[in-house]
Each structure stands twice: as C-alpha cells, then as structure tokens.
>>> print(open('input39.cif').read())   # mmCIF, N, CA and C atoms
data_final
#
loop_
_atom_site.group_PDB
_atom_site.id
_atom_site.type_symbol
_atom_site.label_atom_id
_atom_site.label_comp_id
_atom_site.auth_asym_id
_atom_site.auth_seq_id
_atom_site.Cartn_x
_atom_site.Cartn_y
_atom_site.Cartn_z
ATOM 1 N N MET A 1 103.505 40.995 151.206
ATOM 2 C CA MET A 1 103.025 42.287 150.749
ATOM 3 C C MET A 1 101.516 42.379 150.971
ATOM 4 N N ALA A 2 101.095 43.547 151.413
ATOM 5 C CA ALA A 2 99.675 43.788 151.677
ATOM 6 C C ALA A 2 99.031 44.468 150.474
ATOM 7 N N GLN A 3 97.724 44.411 150.440
ATOM 8 C CA GLN A 3 96.976 45.115 149.393
ATOM 9 C C GLN A 3 95.938 46.007 150.044
ATOM 10 N N VAL A 4 95.780 47.183 149.473
ATOM 11 C CA VAL A 4 94.823 48.159 149.968
ATOM 12 C C VAL A 4 93.977 48.611 148.790
ATOM 13 N N THR A 5 92.711 48.827 149.058
ATOM 14 C CA THR A 5 91.836 49.394 148.035
ATOM 15 C C THR A 5 91.653 50.867 148.361
ATOM 16 N N VAL A 6 92.046 51.733 147.436
ATOM 17 C CA VAL A 6 91.810 53.168 147.606
ATOM 18 C C VAL A 6 90.787 53.598 146.567
ATOM 19 N N THR A 7 89.944 54.531 146.952
ATOM 20 C CA THR A 7 88.928 55.044 146.049
ATOM 21 C C THR A 7 89.285 56.484 145.720
ATOM 22 N N ILE A 8 89.451 56.729 144.433
ATOM 23 C CA ILE A 8 89.776 58.069 143.956
ATOM 24 C C ILE A 8 88.829 58.388 142.810
ATOM 25 N N ASN A 9 88.120 59.489 142.967
ATOM 26 C CA ASN A 9 87.143 59.920 141.969
ATOM 27 C C ASN A 9 86.123 58.815 141.682
ATOM 28 N N GLU A 10 85.658 58.202 142.760
ATOM 29 C CA GLU A 10 84.646 57.145 142.716
ATOM 30 C C GLU A 10 85.098 55.890 141.983
ATOM 31 N N ARG A 11 86.393 55.735 141.816
ATOM 32 C CA ARG A 11 86.947 54.511 141.209
ATOM 33 C C ARG A 11 87.833 53.830 142.234
ATOM 34 N N LYS A 12 87.745 52.514 142.295
ATOM 35 C CA LYS A 12 88.541 51.739 143.246
ATOM 36 C C LYS A 12 89.816 51.234 142.569
ATOM 37 N N TYR A 13 90.919 51.341 143.328
ATOM 38 C CA TYR A 13 92.225 50.889 142.836
ATOM 39 C C TYR A 13 92.845 49.980 143.885
ATOM 40 N N GLN A 14 93.299 48.809 143.440
ATOM 41 C CA GLN A 14 94.016 47.895 144.318
ATOM 42 C C GLN A 14 95.497 48.276 144.282
ATOM 43 N N ILE A 15 96.049 48.607 145.448
ATOM 44 C CA ILE A 15 97.445 49.043 145.545
ATOM 45 C C ILE A 15 98.184 48.083 146.470
ATOM 46 N N THR A 16 99.325 47.614 146.028
ATOM 47 C CA THR A 16 100.163 46.756 146.850
ATOM 48 C C THR A 16 101.136 47.628 147.629
ATOM 49 N N CYS A 17 101.317 47.270 148.902
ATOM 50 C CA CYS A 17 102.243 48.028 149.737
ATOM 51 C C CYS A 17 102.923 47.076 150.714
ATOM 52 N N GLU A 18 103.919 47.590 151.400
ATOM 53 C CA GLU A 18 104.601 46.785 152.402
ATOM 54 C C GLU A 18 103.678 46.562 153.584
ATOM 55 N N ASP A 19 103.834 45.431 154.237
ATOM 56 C CA ASP A 19 103.045 45.141 155.422
ATOM 57 C C ASP A 19 103.238 46.263 156.447
ATOM 58 N N GLY A 20 102.139 46.664 157.063
ATOM 59 C CA GLY A 20 102.196 47.720 158.059
ATOM 60 C C GLY A 20 101.969 49.110 157.488
ATOM 61 N N GLN A 21 101.952 49.243 156.170
ATOM 62 C CA GLN A 21 101.772 50.546 155.533
ATOM 63 C C GLN A 21 100.340 50.782 155.045
ATOM 64 N N GLU A 22 99.456 49.852 155.355
ATOM 65 C CA GLU A 22 98.090 49.929 154.843
ATOM 66 C C GLU A 22 97.377 51.213 155.271
ATOM 67 N N ALA A 23 97.431 51.531 156.557
ATOM 68 C CA ALA A 23 96.721 52.717 157.058
ATOM 69 C C ALA A 23 97.301 53.992 156.439
ATOM 70 N N HIS A 24 98.619 54.022 156.317
ATOM 71 C CA HIS A 24 99.268 55.197 155.721
ATOM 72 C C HIS A 24 98.831 55.370 154.265
ATOM 73 N N LEU A 25 98.834 54.287 153.521
ATOM 74 C CA LEU A 25 98.432 54.344 152.119
ATOM 75 C C LEU A 25 96.956 54.726 151.992
ATOM 76 N N THR A 26 96.133 54.235 152.892
ATOM 77 C CA THR A 26 94.713 54.596 152.886
ATOM 78 C C THR A 26 94.547 56.096 153.119
ATOM 79 N N ARG A 27 95.324 56.663 154.077
ATOM 80 C CA ARG A 27 95.263 58.113 154.334
ATOM 81 C C ARG A 27 95.713 58.903 153.108
ATOM 82 N N LEU A 28 96.772 58.438 152.454
ATOM 83 C CA LEU A 28 97.248 59.126 151.250
ATOM 84 C C LEU A 28 96.188 59.103 150.158
ATOM 85 N N GLY A 29 95.570 57.940 149.971
ATOM 86 C CA GLY A 29 94.510 57.827 148.967
ATOM 87 C C GLY A 29 93.352 58.750 149.280
ATOM 88 N N SER A 30 92.980 58.834 150.554
ATOM 89 C CA SER A 30 91.888 59.731 150.961
ATOM 90 C C SER A 30 92.246 61.187 150.692
ATOM 91 N N TYR A 31 93.499 61.540 150.945
ATOM 92 C CA TYR A 31 93.929 62.917 150.703
ATOM 93 C C TYR A 31 93.857 63.259 149.213
ATOM 94 N N VAL A 32 94.358 62.338 148.381
ATOM 95 C CA VAL A 32 94.315 62.567 146.930
ATOM 96 C C VAL A 32 92.860 62.665 146.467
ATOM 97 N N ASP A 33 91.996 61.797 146.982
ATOM 98 C CA ASP A 33 90.587 61.838 146.601
ATOM 99 C C ASP A 33 89.949 63.158 147.021
ATOM 100 N N LYS A 34 90.281 63.620 148.216
ATOM 101 C CA LYS A 34 89.733 64.902 148.694
ATOM 102 C C LYS A 34 90.176 66.044 147.783
ATOM 103 N N ARG A 35 91.475 66.095 147.480
ATOM 104 C CA ARG A 35 91.987 67.163 146.606
ATOM 105 C C ARG A 35 91.368 67.063 145.219
ATOM 106 N N LEU A 36 91.192 65.835 144.730
ATOM 107 C CA LEU A 36 90.589 65.652 143.419
ATOM 108 C C LEU A 36 89.133 66.101 143.440
ATOM 109 N N GLY A 37 88.420 65.826 144.536
ATOM 110 C CA GLY A 37 87.033 66.286 144.672
ATOM 111 C C GLY A 37 86.948 67.801 144.626
ATOM 112 N N GLU A 38 87.893 68.482 145.280
ATOM 113 C CA GLU A 38 87.931 69.946 145.241
ATOM 114 C C GLU A 38 88.176 70.433 143.814
ATOM 115 N N LEU A 39 89.059 69.732 143.120
ATOM 116 C CA LEU A 39 89.387 70.097 141.741
ATOM 117 C C LEU A 39 88.178 69.885 140.824
ATOM 118 N N VAL A 40 87.488 68.759 140.993
ATOM 119 C CA VAL A 40 86.294 68.473 140.183
ATOM 120 C C VAL A 40 85.231 69.537 140.438
ATOM 121 N N ALA A 41 85.092 69.966 141.693
ATOM 122 C CA ALA A 41 84.117 71.014 142.013
ATOM 123 C C ALA A 41 84.459 72.315 141.299
ATOM 124 N N ALA A 42 85.745 72.559 141.091
ATOM 125 C CA ALA A 42 86.176 73.809 140.457
ATOM 126 C C ALA A 42 86.127 73.738 138.927
ATOM 127 N N VAL A 43 86.551 72.594 138.351
ATOM 128 C CA VAL A 43 86.673 72.539 136.887
ATOM 129 C C VAL A 43 85.748 71.518 136.231
ATOM 130 N N GLY A 44 85.115 70.678 137.025
ATOM 131 C CA GLY A 44 84.237 69.659 136.469
ATOM 132 C C GLY A 44 84.998 68.397 136.105
ATOM 133 N N GLN A 45 84.265 67.403 135.640
ATOM 134 C CA GLN A 45 84.869 66.135 135.221
ATOM 135 C C GLN A 45 85.459 66.321 133.829
ATOM 136 N N VAL A 46 86.742 66.554 133.763
ATOM 137 C CA VAL A 46 87.396 66.810 132.477
ATOM 138 C C VAL A 46 88.157 65.594 131.967
ATOM 139 N N GLY A 47 87.914 64.447 132.569
ATOM 140 C CA GLY A 47 88.596 63.229 132.148
ATOM 141 C C GLY A 47 89.612 62.802 133.197
ATOM 142 N N ASP A 48 89.716 61.486 133.371
ATOM 143 C CA ASP A 48 90.601 60.946 134.402
ATOM 144 C C ASP A 48 92.055 61.366 134.228
ATOM 145 N N ALA A 49 92.553 61.272 133.006
ATOM 146 C CA ALA A 49 93.967 61.596 132.774
ATOM 147 C C ALA A 49 94.244 63.068 133.097
ATOM 148 N N GLN A 50 93.379 63.938 132.633
ATOM 149 C CA GLN A 50 93.546 65.373 132.880
ATOM 150 C C GLN A 50 93.475 65.673 134.376
ATOM 151 N N LEU A 51 92.490 65.072 135.048
ATOM 152 C CA LEU A 51 92.353 65.276 136.491
ATOM 153 C C LEU A 51 93.567 64.745 137.240
ATOM 154 N N LEU A 52 94.068 63.592 136.811
ATOM 155 C CA LEU A 52 95.252 63.011 137.452
ATOM 156 C C LEU A 52 96.447 63.943 137.329
ATOM 157 N N VAL A 53 96.655 64.499 136.160
ATOM 158 C CA VAL A 53 97.763 65.438 135.965
ATOM 159 C C VAL A 53 97.564 66.676 136.830
ATOM 160 N N MET A 54 96.350 67.207 136.838
ATOM 161 C CA MET A 54 96.090 68.434 137.598
ATOM 162 C C MET A 54 96.264 68.217 139.100
ATOM 163 N N VAL A 55 95.725 67.114 139.641
ATOM 164 C CA VAL A 55 95.854 66.868 141.078
ATOM 165 C C VAL A 55 97.306 66.562 141.437
ATOM 166 N N SER A 56 98.021 65.902 140.535
ATOM 167 C CA SER A 56 99.444 65.646 140.780
ATOM 168 C C SER A 56 100.219 66.958 140.881
ATOM 169 N N LEU A 57 99.902 67.886 140.001
ATOM 170 C CA LEU A 57 100.571 69.190 140.047
ATOM 171 C C LEU A 57 100.210 69.960 141.314
ATOM 172 N N LEU A 58 98.959 69.897 141.741
ATOM 173 C CA LEU A 58 98.541 70.576 142.971
ATOM 174 C C LEU A 58 99.275 70.016 144.192
ATOM 175 N N VAL A 59 99.318 68.698 144.296
ATOM 176 C CA VAL A 59 99.984 68.066 145.438
ATOM 177 C C VAL A 59 101.486 68.331 145.386
ATOM 178 N N THR A 60 102.071 68.304 144.204
ATOM 179 C CA THR A 60 103.490 68.597 144.063
ATOM 180 C C THR A 60 103.788 70.041 144.433
ATOM 181 N N ASP A 61 102.880 70.943 144.111
ATOM 182 C CA ASP A 61 103.040 72.342 144.491
ATOM 183 C C ASP A 61 103.025 72.484 146.012
ATOM 184 N N GLU A 62 102.111 71.786 146.674
ATOM 185 C CA GLU A 62 102.072 71.800 148.138
ATOM 186 C C GLU A 62 103.386 71.279 148.714
ATOM 187 N N LEU A 63 103.880 70.198 148.148
ATOM 188 C CA LEU A 63 105.134 69.608 148.608
ATOM 189 C C LEU A 63 106.297 70.573 148.411
ATOM 190 N N SER A 64 106.308 71.251 147.272
ATOM 191 C CA SER A 64 107.348 72.235 146.991
ATOM 192 C C SER A 64 107.333 73.355 148.024
ATOM 193 N N ASP A 65 106.136 73.837 148.366
ATOM 194 C CA ASP A 65 106.016 74.875 149.390
ATOM 195 C C ASP A 65 106.560 74.383 150.729
ATOM 196 N N LEU A 66 106.254 73.140 151.074
ATOM 197 C CA LEU A 66 106.745 72.585 152.336
ATOM 198 C C LEU A 66 108.266 72.473 152.344
ATOM 199 N N TYR A 67 108.852 72.064 151.212
ATOM 200 C CA TYR A 67 110.311 72.004 151.121
ATOM 201 C C TYR A 67 110.928 73.388 151.304
ATOM 202 N N SER A 68 110.302 74.384 150.709
ATOM 203 C CA SER A 68 110.805 75.756 150.871
ATOM 204 C C SER A 68 110.737 76.193 152.329
ATOM 205 N N GLU A 69 109.624 75.893 153.002
ATOM 206 C CA GLU A 69 109.486 76.234 154.417
ATOM 207 C C GLU A 69 110.535 75.508 155.254
ATOM 208 N N MET A 70 110.814 74.242 154.917
ATOM 209 C CA MET A 70 111.828 73.486 155.648
ATOM 210 C C MET A 70 113.200 74.135 155.510
ATOM 211 N N GLU A 71 113.521 74.590 154.320
ATOM 212 C CA GLU A 71 114.810 75.239 154.103
ATOM 213 C C GLU A 71 114.930 76.509 154.940
ATOM 214 N N VAL A 72 113.847 77.275 155.008
ATOM 215 C CA VAL A 72 113.851 78.489 155.832
ATOM 216 C C VAL A 72 114.063 78.115 157.292
ATOM 217 N N LEU A 73 113.340 77.085 157.758
ATOM 218 C CA LEU A 73 113.496 76.654 159.149
ATOM 219 C C LEU A 73 114.898 76.148 159.418
ATOM 220 N N ARG A 74 115.441 75.410 158.470
ATOM 221 C CA ARG A 74 116.818 74.919 158.652
ATOM 222 C C ARG A 74 117.793 76.077 158.751
ATOM 223 N N SER A 75 117.628 77.081 157.906
ATOM 224 C CA SER A 75 118.546 78.219 157.963
ATOM 225 C C SER A 75 118.328 78.986 159.254
ATOM 226 N N ASP A 76 117.073 79.080 159.719
ATOM 227 C CA ASP A 76 116.798 79.719 161.005
ATOM 228 C C ASP A 76 117.440 78.935 162.139
ATOM 229 N N GLU A 77 117.388 77.595 162.066
ATOM 230 C CA GLU A 77 118.014 76.773 163.095
ATOM 231 C C GLU A 77 119.522 76.969 163.079
ATOM 232 N N GLY A 78 120.089 77.127 161.875
ATOM 233 C CA GLY A 78 121.523 77.380 161.778
ATOM 234 C C GLY A 78 121.890 78.691 162.436
ATOM 235 N N VAL A 79 121.061 79.700 162.217
ATOM 236 C CA VAL A 79 121.287 80.996 162.852
ATOM 237 C C VAL A 79 121.166 80.844 164.365
ATOM 238 N N ALA A 80 120.140 80.114 164.806
ATOM 239 C CA ALA A 80 119.936 79.908 166.242
ATOM 240 C C ALA A 80 121.119 79.165 166.857
ATOM 241 N N ALA A 81 121.636 78.166 166.148
ATOM 242 C CA ALA A 81 122.783 77.414 166.662
ATOM 243 C C ALA A 81 124.007 78.317 166.777
ATOM 244 N N ARG A 82 124.205 79.186 165.778
ATOM 245 C CA ARG A 82 125.344 80.107 165.847
ATOM 246 C C ARG A 82 125.183 81.083 166.997
ATOM 247 N N LEU A 83 123.955 81.579 167.189
ATOM 248 C CA LEU A 83 123.702 82.496 168.308
ATOM 249 C C LEU A 83 123.938 81.796 169.641
ATOM 250 N N ASP A 84 123.486 80.539 169.747
ATOM 251 C CA ASP A 84 123.717 79.784 170.978
ATOM 252 C C ASP A 84 125.212 79.623 171.230
ATOM 253 N N ALA A 85 125.974 79.334 170.169
ATOM 254 C CA ALA A 85 127.416 79.181 170.316
ATOM 255 C C ALA A 85 128.045 80.491 170.759
ATOM 256 N N GLU A 86 127.598 81.591 170.158
ATOM 257 C CA GLU A 86 128.141 82.900 170.542
ATOM 258 C C GLU A 86 127.791 83.227 171.990
ATOM 259 N N GLU A 87 126.571 82.898 172.405
ATOM 260 C CA GLU A 87 126.173 83.131 173.792
ATOM 261 C C GLU A 87 127.015 82.278 174.724
ATOM 262 N N GLY A 88 127.311 81.049 174.317
ATOM 263 C CA GLY A 88 128.157 80.168 175.120
ATOM 264 C C GLY A 88 129.553 80.739 175.272
ATOM 265 N N ILE A 89 130.096 81.246 174.181
ATOM 266 C CA ILE A 89 131.430 81.855 174.225
ATOM 267 C C ILE A 89 131.389 83.099 175.099
ATOM 268 N N SER A 90 130.352 83.876 174.935
ATOM 269 C CA SER A 90 130.196 85.107 175.709
ATOM 270 C C SER A 90 130.128 84.813 177.200
ATOM 271 N N SER A 91 129.341 83.819 177.585
ATOM 272 C CA SER A 91 129.241 83.498 179.013
ATOM 273 C C SER A 91 130.549 82.912 179.530
ATOM 274 N N SER A 92 131.274 82.172 178.704
ATOM 275 C CA SER A 92 132.582 81.646 179.121
ATOM 276 C C SER A 92 133.565 82.784 179.374
ATOM 277 N N ILE A 93 133.532 83.783 178.508
ATOM 278 C CA ILE A 93 134.411 84.941 178.685
ATOM 279 C C ILE A 93 134.045 85.676 179.970
ATOM 280 N N GLU A 94 132.758 85.816 180.236
ATOM 281 C CA GLU A 94 132.313 86.477 181.459
ATOM 282 C C GLU A 94 132.784 85.717 182.694
ATOM 283 N N ARG A 95 132.677 84.394 182.672
ATOM 284 C CA ARG A 95 133.136 83.586 183.813
ATOM 285 C C ARG A 95 134.639 83.737 184.009
ATOM 286 N N LEU A 96 135.387 83.741 182.907
ATOM 287 C CA LEU A 96 136.843 83.932 183.005
ATOM 288 C C LEU A 96 137.174 85.302 183.573
ATOM 289 N N ALA A 97 136.438 86.328 183.126
ATOM 290 C CA ALA A 97 136.673 87.682 183.637
ATOM 291 C C ALA A 97 136.400 87.738 185.131
ATOM 292 N N GLU A 98 135.336 87.084 185.586
ATOM 293 C CA GLU A 98 135.038 87.060 187.016
ATOM 294 C C GLU A 98 136.149 86.362 187.793
ATOM 295 N N ARG A 99 136.645 85.262 187.268
ATOM 296 C CA ARG A 99 137.746 84.545 187.938
ATOM 297 C C ARG A 99 138.991 85.405 188.001
ATOM 298 N N LEU A 100 139.281 86.113 186.891
ATOM 299 C CA LEU A 100 140.450 86.989 186.880
ATOM 300 C C LEU A 100 140.316 88.110 187.900
ATOM 301 N N GLU A 101 139.108 88.664 188.025
ATOM 302 C CA GLU A 101 138.870 89.725 189.010
ATOM 303 C C GLU A 101 139.088 89.201 190.427
ATOM 304 N N LYS A 102 138.616 87.990 190.699
ATOM 305 C CA LYS A 102 138.802 87.420 192.030
ATOM 306 C C LYS A 102 140.283 87.183 192.317
ATOM 307 N N ILE A 103 141.010 86.702 191.313
ATOM 308 C CA ILE A 103 142.447 86.499 191.480
ATOM 309 C C ILE A 103 143.140 87.824 191.722
ATOM 310 N N ALA A 104 142.742 88.849 190.932
ATOM 311 C CA ALA A 104 143.353 90.186 191.114
ATOM 312 C C ALA A 104 143.057 90.731 192.500
ATOM 313 N N GLU A 105 141.838 90.524 193.021
ATOM 314 C CA GLU A 105 141.486 90.988 194.360
ATOM 315 C C GLU A 105 142.354 90.306 195.417
ATOM 316 N N LYS A 106 142.580 88.988 195.230
ATOM 317 C CA LYS A 106 143.408 88.244 196.180
ATOM 318 C C LYS A 106 144.849 88.769 196.168
ATOM 319 N N ILE A 107 145.341 89.048 194.966
ATOM 320 C CA ILE A 107 146.729 89.554 194.837
ATOM 321 C C ILE A 107 146.826 90.926 195.487
ATOM 322 N N GLU A 108 145.847 91.784 195.237
ATOM 323 C CA GLU A 108 145.859 93.130 195.807
ATOM 324 C C GLU A 108 145.734 93.069 197.317
ATOM 325 N N GLY A 109 144.978 92.134 197.819
ATOM 326 C CA GLY A 109 144.779 92.020 199.271
ATOM 327 C C GLY A 109 145.996 91.419 199.969
ATOM 328 N N ALA A 110 146.854 90.780 199.245
ATOM 329 C CA ALA A 110 148.028 90.130 199.864
ATOM 330 C C ALA A 110 149.134 91.092 200.183
#
>>> encode(input="input39.cif", output="structure tokens")
Amino acid sequence: MAQVTVTINERKYQITCEDGQEAHLTRLGSYVDKRLGELVAAVGQVGDAQLLVMVSLLVTDELSDLYSEMEVLRSDEGVAARLDAEEGISSSIERLAERLEKIAEKIEGA
C-alpha cells in the first residue's frame, strides 16, 4: 500500500491508497482543496468540520448533476439505438422491394 500526503485547507493529511493510485488521489485532494478554497473565499473560515460538510455537499451536488446528465445521455443513446434499428429495418425493406421489382420485371419480360 502506498501513502500520499494531500493538503486541504493548509493542513496535511497522510492517506493510504493502493499502489498506482497515488497520482489520482493527489488530483482528488487538489480538487477538494480548490473547492474548499473557493468556499472559504465565500464564507470565511467557519471551522474545519463545517467546511468539510459544506465542501462535501458541494462535491456531492456536482456528482449528482453528472449522474443526471449521464441518465439523459443514456436515454438519448437508447433513442438513437432504436432509430438505428428502425433505419436498418427500413433499408432492409427497401432492398427487398428492389429485389421484388427486379423479379417482377424478369417475369414480365419472359
């Protein structure tokens, strides 16, 4: 197991993570610190616990919005897949109609 030091609100925290996840965890810590800095700029230093709760709610709200967007995209993809299937059926019917016309022409010409 690896250890990473993340700095949040000018405090250092030693976090244990799986090997290979150090850079990812460092990026996450930087993101939380950035969001917390924005929050401190807006409301001031109201205490670590309060700030932790507030930044957690902000990040969770962002995540919730992303989940909602994913659901919309998934439903759009479902619509697109159905349209593709309908287009496939439509083109198959057109090809069959063309074949039938050619057969009918051959019969009429005979």
>>> atom_distance(input="input39.cif", atom1="atom C of Asp19 in chain A", atom2="atom N of Ala2 in chain A")
6.1 Å
>>> select_by_dssp(input="input39.cif", residues="chain A", states="strand (DSSP E or B)", output="short mmCIF file (atom, residue, chain, number, x, y, z; two decimals) with N, CA and C atoms, in the frame of the given file")
data_model
loop_
_atom_site.label_atom_id
_atom_site.label_comp_id
_atom_site.auth_asym_id
_atom_site.auth_seq_id
_atom_site.Cartn_x
_atom_site.Cartn_y
_atom_site.Cartn_z
N ALA A 2 101.10 43.55 151.41
CA ALA A 2 99.68 43.79 151.68
C ALA A 2 99.03 44.47 150.47
N GLN A 3 97.72 44.41 150.44
CA GLN A 3 96.98 45.12 149.39
C GLN A 3 95.94 46.01 150.04
N VAL A 4 95.78 47.18 149.47
CA VAL A 4 94.82 48.16 149.97
C VAL A 4 93.98 48.61 148.79
N THR A 5 92.71 48.83 149.06
CA THR A 5 91.84 49.39 148.04
C THR A 5 91.65 50.87 148.36
N VAL A 6 92.05 51.73 147.44
CA VAL A 6 91.81 53.17 147.61
C VAL A 6 90.79 53.60 146.57
N THR A 7 89.94 54.53 146.95
CA THR A 7 88.93 55.04 146.05
C THR A 7 89.28 56.48 145.72
N ILE A 8 89.45 56.73 144.43
CA ILE A 8 89.78 58.07 143.96
C ILE A 8 88.83 58.39 142.81
N ARG A 11 86.39 55.74 141.82
CA ARG A 11 86.95 54.51 141.21
C ARG A 11 87.83 53.83 142.23
N LYS A 12 87.74 52.51 142.29
CA LYS A 12 88.54 51.74 143.25
C LYS A 12 89.82 51.23 142.57
N TYR A 13 90.92 51.34 143.33
CA TYR A 13 92.22 50.89 142.84
C TYR A 13 92.84 49.98 143.88
N GLN A 14 93.30 48.81 143.44
CA GLN A 14 94.02 47.90 144.32
C GLN A 14 95.50 48.28 144.28
N ILE A 15 96.05 48.61 145.45
CA ILE A 15 97.44 49.04 145.54
C ILE A 15 98.18 48.08 146.47
N THR A 16 99.32 47.61 146.03
CA THR A 16 100.16 46.76 146.85
C THR A 16 101.14 47.63 147.63
N CYS A 17 101.32 47.27 148.90
CA CYS A 17 102.24 48.03 149.74
C CYS A 17 102.92 47.08 150.71
#
>>> atom_distance(input="input39.cif", atom1="CA of Gln45 in chain A", atom2="atom C of Ile15 in chain A")
25.1 Å
>>> residues_around(input="input39.cif", residues="Asp33 in chain A", least_positions_apart="2", cutoff="10 Å", atoms="only C-alpha atoms", output="PDB file with N, CA and C atoms, keeping the file's coordinate frame")
ATOM      1  N   VAL A   6      92.046  51.733 147.436  1.00  0.00           N
ATOM      2  CA  VAL A   6      91.810  53.168 147.606  1.00  0.00           C
ATOM      3  C   VAL A   6      90.787  53.598 146.567  1.00  0.00           C
ATOM      4  N   THR A   7      89.944  54.531 146.952  1.00  0.00           N
ATOM      5  CA  THR A   7      88.928  55.044 146.049  1.00  0.00           C
ATOM      6  C   THR A   7      89.285  56.484 145.720  1.00  0.00           C
ATOM      7  N   ILE A   8      89.451  56.729 144.433  1.00  0.00           N
ATOM      8  CA  ILE A   8      89.776  58.069 143.956  1.00  0.00           C
ATOM      9  C   ILE A   8      88.829  58.388 142.810  1.00  0.00           C
ATOM     10  N   ASN A   9      88.120  59.489 142.967  1.00  0.00           N
ATOM     11  CA  ASN A   9      87.143  59.920 141.969  1.00  0.00           C
ATOM     12  C   ASN A   9      86.123  58.815 141.682  1.00  0.00           C
ATOM     13  N   GLU A  10      85.658  58.202 142.760  1.00  0.00           N
ATOM     14  CA  GLU A  10      84.646  57.145 142.716  1.00  0.00           C
ATOM     15  C   GLU A  10      85.098  55.890 141.983  1.00  0.00           C
ATOM     16  N   ARG A  11      86.393  55.735 141.816  1.00  0.00           N
ATOM     17  CA  ARG A  11      86.947  54.511 141.209  1.00  0.00           C
ATOM     18  C   ARG A  11      87.833  53.830 142.234  1.00  0.00           C
ATOM     19  N   ARG A  27      95.324  56.663 154.077  1.00  0.00           N
ATOM     20  CA  ARG A  27      95.263  58.113 154.334  1.00  0.00           C
ATOM     21  C   ARG A  27      95.713  58.903 153.108  1.00  0.00           C
ATOM     22  N   LEU A  28      96.772  58.438 152.454  1.00  0.00           N
ATOM     23  CA  LEU A  28      97.248  59.126 151.250  1.00  0.00           C
ATOM     24  C   LEU A  28      96.188  59.103 150.158  1.00  0.00           C
ATOM     25  N   GLY A  29      95.570  57.940 149.971  1.00  0.00           N
ATOM     26  CA  GLY A  29      94.510  57.827 148.967  1.00  0.00           C
ATOM     27  C   GLY A  29      93.352  58.750 149.280  1.00  0.00           C
ATOM     28  N   SER A  30      92.980  58.834 150.554  1.00  0.00           N
ATOM     29  CA  SER A  30      91.888  59.731 150.961  1.00  0.00           C
ATOM     30  C   SER A  30      92.246  61.187 150.692  1.00  0.00           C
ATOM     31  N   TYR A  31      93.499  61.540 150.945  1.00  0.00           N
ATOM     32  CA  TYR A  31      93.929  62.917 150.703  1.00  0.00           C
ATOM     33  C   TYR A  31      93.857  63.259 149.213  1.00  0.00           C
ATOM     34  N   ARG A  35      91.475  66.095 147.480  1.00  0.00           N
ATOM     35  CA  ARG A  35      91.987  67.163 146.606  1.00  0.00           C
ATOM     36  C   ARG A  35      91.368  67.063 145.219  1.00  0.00           C
ATOM     37  N   LEU A  36      91.192  65.835 144.730  1.00  0.00           N
ATOM     38  CA  LEU A  36      90.589  65.652 143.419  1.00  0.00           C
ATOM     39  C   LEU A  36      89.133  66.101 143.440  1.00  0.00           C
ATOM     40  N   GLY A  37      88.420  65.826 144.536  1.00  0.00           N
ATOM     41  CA  GLY A  37      87.033  66.286 144.672  1.00  0.00           C
ATOM     42  C   GLY A  37      86.948  67.801 144.626  1.00  0.00           C
ATOM     43  N   GLU A  38      87.893  68.482 145.280  1.00  0.00           N
ATOM     44  CA  GLU A  38      87.931  69.946 145.241  1.00  0.00           C
ATOM     45  C   GLU A  38      88.176  70.433 143.814  1.00  0.00           C
ATOM     46  N   LEU A  39      89.059  69.732 143.120  1.00  0.00           N
ATOM     47  CA  LEU A  39      89.387  70.097 141.741  1.00  0.00           C
ATOM     48  C   LEU A  39      88.178  69.885 140.824  1.00  0.00           C
ATOM     49  N   VAL A  55      95.725  67.114 139.641  1.00  0.00           N
ATOM     50  CA  VAL A  55      95.854  66.868 141.078  1.00  0.00           C
ATOM     51  C   VAL A  55      97.306  66.562 141.437  1.00  0.00           C
TER      52      VAL A  55
END
>>> select_by_dssp(input="input39.cif", residues="chain A", states="alpha helix (DSSP H)", output="ChimeraX atom specification")
/A:22-43,48-109
>>> atom_distance(input="input39.cif", atom1="atom N of Asp48 in chain A", atom2="atom N of Tyr13 in chain A")
14.3 Å
>>> residues_near_point(input="input39.cif", point="(105.7, 44.3, 150.7)", cutoff="9 Å", atoms="only C-alpha atoms", output="list in words")
Met1, Ala2, Gln3, Thr16, Cys17, Glu18, Asp19, Gly20 and Gln21 of chain A
>>> write_last_selection(input="input39.cif", atoms="N, CA and C atoms", output="PDB file, keeping the file's coordinate frame")
ATOM      1  N   MET A   1     103.505  40.995 151.206  1.00  0.00           N
ATOM      2  CA  MET A   1     103.025  42.287 150.749  1.00  0.00           C
ATOM      3  C   MET A   1     101.516  42.379 150.971  1.00  0.00           C
ATOM      4  N   ALA A   2     101.095  43.547 151.413  1.00  0.00           N
ATOM      5  CA  ALA A   2      99.675  43.788 151.677  1.00  0.00           C
ATOM      6  C   ALA A   2      99.031  44.468 150.474  1.00  0.00           C
ATOM      7  N   GLN A   3      97.724  44.411 150.440  1.00  0.00           N
ATOM      8  CA  GLN A   3      96.976  45.115 149.393  1.00  0.00           C
ATOM      9  C   GLN A   3      95.938  46.007 150.044  1.00  0.00           C
ATOM     10  N   THR A  16      99.325  47.614 146.028  1.00  0.00           N
ATOM     11  CA  THR A  16     100.163  46.756 146.850  1.00  0.00           C
ATOM     12  C   THR A  16     101.136  47.628 147.629  1.00  0.00           C
ATOM     13  N   CYS A  17     101.317  47.270 148.902  1.00  0.00           N
ATOM     14  CA  CYS A  17     102.243  48.028 149.737  1.00  0.00           C
ATOM     15  C   CYS A  17     102.923  47.076 150.714  1.00  0.00           C
ATOM     16  N   GLU A  18     103.919  47.590 151.400  1.00  0.00           N
ATOM     17  CA  GLU A  18     104.601  46.785 152.402  1.00  0.00           C
ATOM     18  C   GLU A  18     103.678  46.562 153.584  1.00  0.00           C
ATOM     19  N   ASP A  19     103.834  45.431 154.237  1.00  0.00           N
ATOM     20  CA  ASP A  19     103.045  45.141 155.422  1.00  0.00           C
ATOM     21  C   ASP A  19     103.238  46.263 156.447  1.00  0.00           C
ATOM     22  N   GLY A  20     102.139  46.664 157.063  1.00  0.00           N
ATOM     23  CA  GLY A  20     102.196  47.720 158.059  1.00  0.00           C
ATOM     24  C   GLY A  20     101.969  49.110 157.488  1.00  0.00           C
ATOM     25  N   GLN A  21     101.952  49.243 156.170  1.00  0.00           N
ATOM     26  CA  GLN A  21     101.772  50.546 155.533  1.00  0.00           C
ATOM     27  C   GLN A  21     100.340  50.782 155.045  1.00  0.00           C
TER      28      GLN A  21
END
>>> residues_around(input="input39.cif", residues="range 57-66 of chain A", least_positions_apart="4", cutoff="9 Å", atoms="only C-alpha atoms", output="ChimeraX atom specification")
/A:32,35,52-53,70-71
>>> closest_residue(input="input39.cif", among="A:Val72, A:Glu86, A:Val4, A:Val40", to="Ala23 in chain A", atoms="all atoms listed in the file")
A:Val4
>>> decode(input="input39.cif", residues="range 31-35 of chain A", atoms="C-alpha atoms", output="tab-separated table (two decimals), in the first residue's frame")
chain	number	residue	atom	x	y	z
A	31	TYR	CA	-9.68	19.34	-6.38
A	32	VAL	CA	-11.15	19.21	-2.87
A	33	ASP	CA	-8.63	21.83	-1.71
A	34	LYS	CA	-9.52	24.09	-4.65
A	35	ARG	CA	-13.26	23.80	-3.96
